[in-house]
$ cat run18.tsv   # TSV, C-alpha atoms
chain	number	residue	atom	x	y	z
A	23	MET	CA	-18.57	-26.70	5.82
A	24	ARG	CA	-15.88	-24.23	4.77
A	25	HIS	CA	-12.83	-25.74	6.43
A	26	ASN	CA	-9.56	-24.11	5.25
A	27	LYS	CA	-11.32	-21.96	2.66
A	28	SER	CA	-9.97	-18.46	3.08
A	29	GLY	CA	-11.24	-15.25	1.56
A	30	ARG	CA	-14.60	-13.64	1.03
A	31	LYS	CA	-16.78	-14.63	-1.92
A	32	LEU	CA	-18.26	-11.13	-2.30
A	33	ASN	CA	-21.27	-12.68	-4.09
A	34	ARG	CA	-19.19	-13.34	-7.25
A	35	ASN	CA	-17.78	-16.40	-8.96
A	36	SER	CA	-14.01	-16.96	-8.91
A	37	SER	CA	-13.22	-15.49	-12.34
A	38	HIS	CA	-15.23	-12.35	-11.59
A	39	ARG	CA	-13.47	-11.98	-8.23
A	40	SER	CA	-10.00	-12.33	-9.70
A	41	ALA	CA	-10.80	-9.88	-12.52
A	42	MET	CA	-12.19	-7.39	-10.01
A	43	PHE	CA	-9.08	-7.57	-7.81
A	44	LYS	CA	-6.81	-7.18	-10.85
A	45	ASN	CA	-8.72	-4.05	-11.90
A	46	MET	CA	-8.65	-2.65	-8.38
A	47	ALA	CA	-4.91	-3.32	-8.06
A	48	ARG	CA	-4.32	-1.49	-11.34
A	49	ALA	CA	-6.30	1.46	-10.02
A	50	VAL	CA	-4.35	1.50	-6.74
A	51	PHE	CA	-0.98	1.63	-8.50
A	52	THR	CA	-2.24	4.22	-10.99
A	53	PHE	CA	-3.87	6.66	-8.55
A	54	GLU	CA	-2.40	5.42	-5.21
A	55	THR	CA	-5.81	5.85	-3.53
A	56	ILE	CA	-9.26	4.46	-4.33
A	57	ARG	CA	-12.71	4.53	-2.73
A	58	THR	CA	-14.38	1.14	-2.29
A	59	THR	CA	-16.37	-0.96	0.17
A	60	GLU	CA	-14.82	-2.22	3.36
A	61	ALA	CA	-15.07	-5.93	2.49
A	62	LYS	CA	-13.47	-5.45	-0.93
A	63	ALA	CA	-10.67	-3.35	0.57
A	64	LYS	CA	-9.83	-5.96	3.17
A	65	GLU	CA	-9.50	-8.62	0.47
A	66	LEU	CA	-7.62	-6.29	-1.89
A	67	ARG	CA	-5.03	-5.69	0.82
A	68	SER	CA	-3.52	-9.15	0.31
A	69	VAL	CA	-3.28	-8.69	-3.48
A	70	VAL	CA	-1.57	-5.28	-3.28
A	71	ASP	CA	0.78	-6.28	-0.45
A	72	GLY	CA	1.82	-9.34	-2.45
A	73	LEU	CA	2.63	-7.19	-5.49
A	74	ILE	CA	4.71	-4.78	-3.40
A	75	THR	CA	6.58	-7.74	-1.90
A	76	LEU	CA	7.35	-8.87	-5.45
A	77	ALA	CA	8.61	-5.35	-6.23
A	78	LEU	CA	11.02	-5.57	-3.30
A	79	LYS	CA	12.58	-8.71	-4.82
A	80	ASN	CA	13.19	-6.82	-8.09
A	81	ASP	CA	14.19	-9.71	-10.32
A	82	LEU	CA	12.87	-11.02	-13.64
A	83	PRO	CA	10.62	-13.80	-12.28
A	84	ALA	CA	9.02	-11.31	-9.88
A	85	ARG	CA	8.35	-8.91	-12.77
A	86	ARG	CA	6.71	-11.71	-14.74
A	87	GLN	CA	4.49	-12.66	-11.79
A	88	ALA	CA	3.48	-9.02	-11.35
A	89	TYR	CA	2.66	-8.80	-15.06
A	90	LYS	CA	0.29	-11.77	-14.67
A	91	VAL	CA	-1.75	-9.68	-12.23
A	92	LEU	CA	-1.38	-6.17	-13.66
A	93	GLY	CA	-1.30	-7.02	-17.37
A	94	ASN	CA	0.46	-3.78	-18.29
A	95	HIS	CA	4.19	-3.25	-18.80
A	96	LYS	CA	4.04	0.43	-17.82
A	97	LEU	CA	2.34	-0.39	-14.52
A	98	VAL	CA	4.89	-3.12	-13.78
A	99	LYS	CA	7.71	-0.64	-14.48
A	100	HIS	CA	6.02	1.95	-12.23
A	101	LEU	CA	5.60	-0.67	-9.49
A	102	PHE	CA	9.21	-1.85	-9.57
A	103	ASP	CA	10.93	1.50	-10.19
A	104	GLU	CA	8.86	3.95	-8.11
A	105	VAL	CA	6.52	2.20	-5.69
A	106	GLY	CA	8.78	-0.66	-4.60
A	107	PRO	CA	11.82	1.42	-3.55
A	108	ARG	CA	9.61	3.50	-1.23
A	109	PHE	CA	9.05	0.46	0.97
A	110	THR	CA	12.59	-0.92	1.25
A	111	GLY	CA	13.43	-1.86	4.80
A	112	GLY	CA	9.78	-2.23	5.80
A	113	ASN	CA	8.07	-5.40	6.94
A	114	GLY	CA	4.52	-5.09	5.67
A	115	GLY	CA	2.09	-2.30	6.34
A	116	TYR	CA	2.18	-1.06	2.77
A	117	THR	CA	-1.50	-0.12	2.62
A	118	ARG	CA	-3.93	1.83	4.76
A	119	ILE	CA	-7.72	1.52	5.04
A	120	VAL	CA	-9.51	4.65	6.28
A	121	LYS	CA	-13.20	4.26	7.07
A	122	LEU	CA	-15.52	6.97	5.77
A	123	SER	CA	-18.30	8.33	7.96
A	124	GLN	CA	-21.11	8.10	5.41
A	125	PRO	CA	-22.24	4.78	3.88
A	126	ARG	CA	-22.95	4.40	0.18
A	127	VAL	CA	-26.24	6.04	-0.80
A	128	GLY	CA	-27.81	3.15	-2.72
A	129	ASP	CA	-27.37	0.21	-0.35
A	130	SER	CA	-25.76	1.69	2.80
A	131	ALA	CA	-22.57	-0.33	2.32
A	132	PRO	CA	-19.71	0.86	4.57
A	133	MET	CA	-17.22	2.76	2.42
A	134	VAL	CA	-13.46	3.19	2.90
A	135	ILE	CA	-10.50	4.87	1.26
A	136	PHE	CA	-7.80	2.38	0.31
A	137	GLU	CA	-4.36	3.95	-0.12
A	138	LEU	CA	-0.67	3.20	-0.19
A	139	THR	CA	1.22	4.40	2.86
A	140	LYS	CA	4.08	6.87	2.69
A	141	LEU	CA	6.63	4.69	4.51
A	142	ALA	CA	9.70	6.38	3.03
A	143	GLU	CA	8.68	9.83	4.31
A	144	LYS	CA	8.30	8.53	7.87
A	145	LYS	CA	11.84	7.14	7.87
A	146	VAL	CA	13.32	10.42	6.60
A	147	GLU	CA	11.65	12.33	9.44
A	148	GLU	CA	12.95	9.88	12.06
A	149	LYS	CA	16.54	10.15	10.83
A	150	ALA	CA	16.69	13.96	10.99
A	151	PRO	CA	19.61	14.87	13.29
A	152	ALA	CA	18.95	16.93	16.39
A	153	ALA	CA	20.82	20.19	17.02
A	154	PRO	CA	24.03	19.63	19.00
A	155	ALA	CA	23.66	20.73	22.63
A	156	THR	CA	27.39	21.39	23.30
A	157	GLU	CA	27.52	24.60	21.27
A	158	ASP	CA	24.57	26.09	23.17
A	159	LYS	CA	26.29	25.59	26.53
A	160	ALA	CA	29.45	27.35	25.37
A	161	GLU	CA	27.49	30.40	24.20
A	162	ALA	CA	25.38	30.54	27.38
A	163	LYS	CA	28.37	31.30	29.66
A	164	PRO	CA	28.65	35.01	30.53
A	165	ALA	CA	31.78	36.83	29.39
A	166	GLU	CA	34.08	38.02	32.26
$ encode --input "run18.tsv" --output "structure tokens"
Amino acid sequence: MRHNKSGRKLNRNSSHRSAMFKNMARAVFTFETIRTTEAKAKELRSVVDGLITLALKNDLPARRQAYKVLGNHKLVKHLFDEVGPRFTGGNGGYTRIVKLSQPRVGDSAPMVIFELTKLAEKKVEEKAPAAPATEDKAEAKPAE
């Protein structure tokens, strides 16, 4: 029985799984969008969201933990300086999974596009001020 055993095995042993998720996380932060299977994307979501949460802390222990996963100082700098500040003020929802219509040709596995959301752009659009209505009323009155 698999009581309290979370996560998919994906037909791999544990070291292969962890290496695969590290490589996929590197690709996500390099290109910001990747194409993968649905099962892998759903498991990758927890890895990437955890790294972005570390980037929001922005302290030395968080950088060291992110380096353990990414293994590249330039990617850690990119994560903490560019990706992390985009998601300040947000509570989760850092990634998006978009299902593709066609399955993979070889084995008909359901394919998805895994991407980082553009949370900062949404907030800028919401905060755009509306045109003041008082000036329009003053101009609408006919001159006597």
$ closest_atom_pairs --input "run18.tsv" --of "range 63-121 of chain A" --to "range 41-45 of chain A" --cutoff "8 Å" --atoms "all atoms listed in the file" --output "CSV"
residue,atom,partner,partner_atom,distance
A:Leu66,CA,A:Phe43,CA,6.2
A:Val69,CA,A:Phe43,CA,7.3
A:Val91,CA,A:Lys44,CA,5.8
A:Leu92,CA,A:Lys44,CA,6.2
$ closest_residue --input "run18.tsv" --among "A:Phe102, A:Ser68, A:Leu97, A:Ile56" --to "Ala84 in chain A" --atoms "all atoms listed in the file"
A:Phe102
$ residues_around --input "run18.tsv" --residues "range 132-140 of chain A" --least-positions-apart "2" --cutoff "7 Å" --atoms "all atoms listed in the file" --output "VMD selection string"
chain A and resid 54 to 60 63 116 to 122 125 to 126 130 142 to 144
$ closest_residue --input "run18.tsv" --among "A:Ser36, A:Gly115, A:Val105, A:Ala47" --to "Ala77 in chain A" --atoms "all atoms listed in the file"
A:Val105
$ closest_residue --input "run18.tsv" --among "A:Gly128, A:Gly29, A:Gly106, A:Gly111" --to "Arg85 in chain A" --atoms "all atoms listed in the file"
A:Gly106
$ atom_distance --input "run18.tsv" --atom1 "CA of Lys31 in chain A" --atom2 "CA of Arg48 in chain A"
20.4 Å
$ atom_distance --input "run18.tsv" --atom1 "CA of Asn80 in chain A" --atom2 "CA of Asp103 in chain A"
8.9 Å
$ closest_residue --input "run18.tsv" --among "A:Ala61, A:Arg86, A:Lys79, A:Leu101" --to "Asn33 in chain A" --atoms "only C-alpha atoms"
A:Ala61
$ closest_residue --input "run18.tsv" --among "A:Ala131, A:Arg67, A:Phe51, A:Ser37" --to "Ala88 in chain A" --atoms "all atoms listed in the file"
A:Phe51
$ atom_distance --input "run18.tsv" --atom1 "CA of Phe109 in chain A" --atom2 "CA of Ile74 in chain A"
8.1 Å
$ residues_around --input "run18.tsv" --residues "Gln87 in chain A" --least-positions-apart "5" --cutoff "10 Å" --atoms "all atoms listed in the file" --output "PyMOL selection string"
chain A and resi 73+76+82+92-93+98
$ closest_residue --input "run18.tsv" --among "A:Ser28, A:Asn35, A:Thr75, A:Asn94" --to "Ala49 in chain A" --atoms "all atoms listed in the file"
A:Asn94
$ decode --input "run18.tsv" --residues "range 33-52 of chain A" --atoms "N, CA and C atoms" --output "mmCIF file, in the first residue's frame"
data_model
loop_
_atom_site.group_PDB
_atom_site.id
_atom_site.type_symbol
_atom_site.label_atom_id
_atom_site.label_comp_id
_atom_site.auth_asym_id
_atom_site.auth_seq_id
_atom_site.Cartn_x
_atom_site.Cartn_y
_atom_site.Cartn_z
ATOM 1 N N ASN A 33 7.745 5.983 -13.892
ATOM 2 C CA ASN A 33 8.501 4.825 -14.372
ATOM 3 C C ASN A 33 10.016 5.055 -14.310
ATOM 4 N N ARG A 34 10.480 5.754 -13.271
ATOM 5 C CA ARG A 34 11.902 6.051 -13.091
ATOM 6 C C ARG A 34 12.271 5.818 -11.636
ATOM 7 N N ASN A 35 13.559 5.582 -11.372
ATOM 8 C CA ASN A 35 13.980 5.499 -9.979
ATOM 9 C C ASN A 35 14.166 6.919 -9.429
ATOM 10 N N SER A 36 14.413 7.050 -8.153
ATOM 11 C CA SER A 36 14.374 8.356 -7.502
ATOM 12 C C SER A 36 15.477 9.291 -8.001
ATOM 13 N N SER A 37 16.672 8.773 -8.253
ATOM 14 C CA SER A 37 17.747 9.649 -8.714
ATOM 15 C C SER A 37 17.475 10.140 -10.138
ATOM 16 N N HIS A 38 16.907 9.285 -10.965
ATOM 17 C CA HIS A 38 16.560 9.695 -12.328
ATOM 18 C C HIS A 38 15.459 10.753 -12.298
ATOM 19 N N ARG A 39 14.469 10.564 -11.433
ATOM 20 C CA ARG A 39 13.383 11.540 -11.295
ATOM 21 C C ARG A 39 13.901 12.896 -10.854
ATOM 22 N N SER A 40 14.738 12.912 -9.836
ATOM 23 C CA SER A 40 15.241 14.194 -9.331
ATOM 24 C C SER A 40 16.123 14.883 -10.375
ATOM 25 N N ALA A 41 16.940 14.115 -11.094
ATOM 26 C CA ALA A 41 17.768 14.704 -12.148
ATOM 27 C C ALA A 41 16.903 15.261 -13.272
ATOM 28 N N MET A 42 15.842 14.556 -13.619
ATOM 29 C CA MET A 42 14.951 15.010 -14.680
ATOM 30 C C MET A 42 14.259 16.322 -14.281
ATOM 31 N N PHE A 43 13.785 16.406 -13.034
ATOM 32 C CA PHE A 43 13.112 17.632 -12.601
ATOM 33 C C PHE A 43 14.083 18.801 -12.491
ATOM 34 N N LYS A 44 15.330 18.534 -12.110
ATOM 35 C CA LYS A 44 16.337 19.600 -12.082
ATOM 36 C C LYS A 44 16.597 20.128 -13.488
ATOM 37 N N ASN A 45 16.733 19.215 -14.461
ATOM 38 C CA ASN A 45 16.947 19.637 -15.846
ATOM 39 C C ASN A 45 15.757 20.408 -16.388
ATOM 40 N N MET A 46 14.561 19.949 -16.072
ATOM 41 C CA MET A 46 13.364 20.630 -16.560
ATOM 42 C C MET A 46 13.209 22.003 -15.911
ATOM 43 N N ALA A 47 13.562 22.122 -14.637
ATOM 44 C CA ALA A 47 13.490 23.420 -13.965
ATOM 45 C C ALA A 47 14.502 24.389 -14.574
ATOM 46 N N ARG A 48 15.687 23.899 -14.897
ATOM 47 C CA ARG A 48 16.676 24.747 -15.577
ATOM 48 C C ARG A 48 16.133 25.243 -16.908
ATOM 49 N N ALA A 49 15.483 24.361 -17.648
ATOM 50 C CA ALA A 49 14.930 24.749 -18.945
ATOM 51 C C ALA A 49 13.815 25.768 -18.791
ATOM 52 N N VAL A 50 12.986 25.623 -17.764
ATOM 53 C CA VAL A 50 11.885 26.571 -17.552
ATOM 54 C C VAL A 50 12.431 27.959 -17.250
ATOM 55 N N PHE A 51 13.458 28.062 -16.412
ATOM 56 C CA PHE A 51 13.985 29.378 -16.071
ATOM 57 C C PHE A 51 14.864 29.949 -17.181
ATOM 58 N N THR A 52 15.355 29.112 -18.072
ATOM 59 C CA THR A 52 16.123 29.604 -19.210
ATOM 60 C C THR A 52 15.205 30.120 -20.311
#
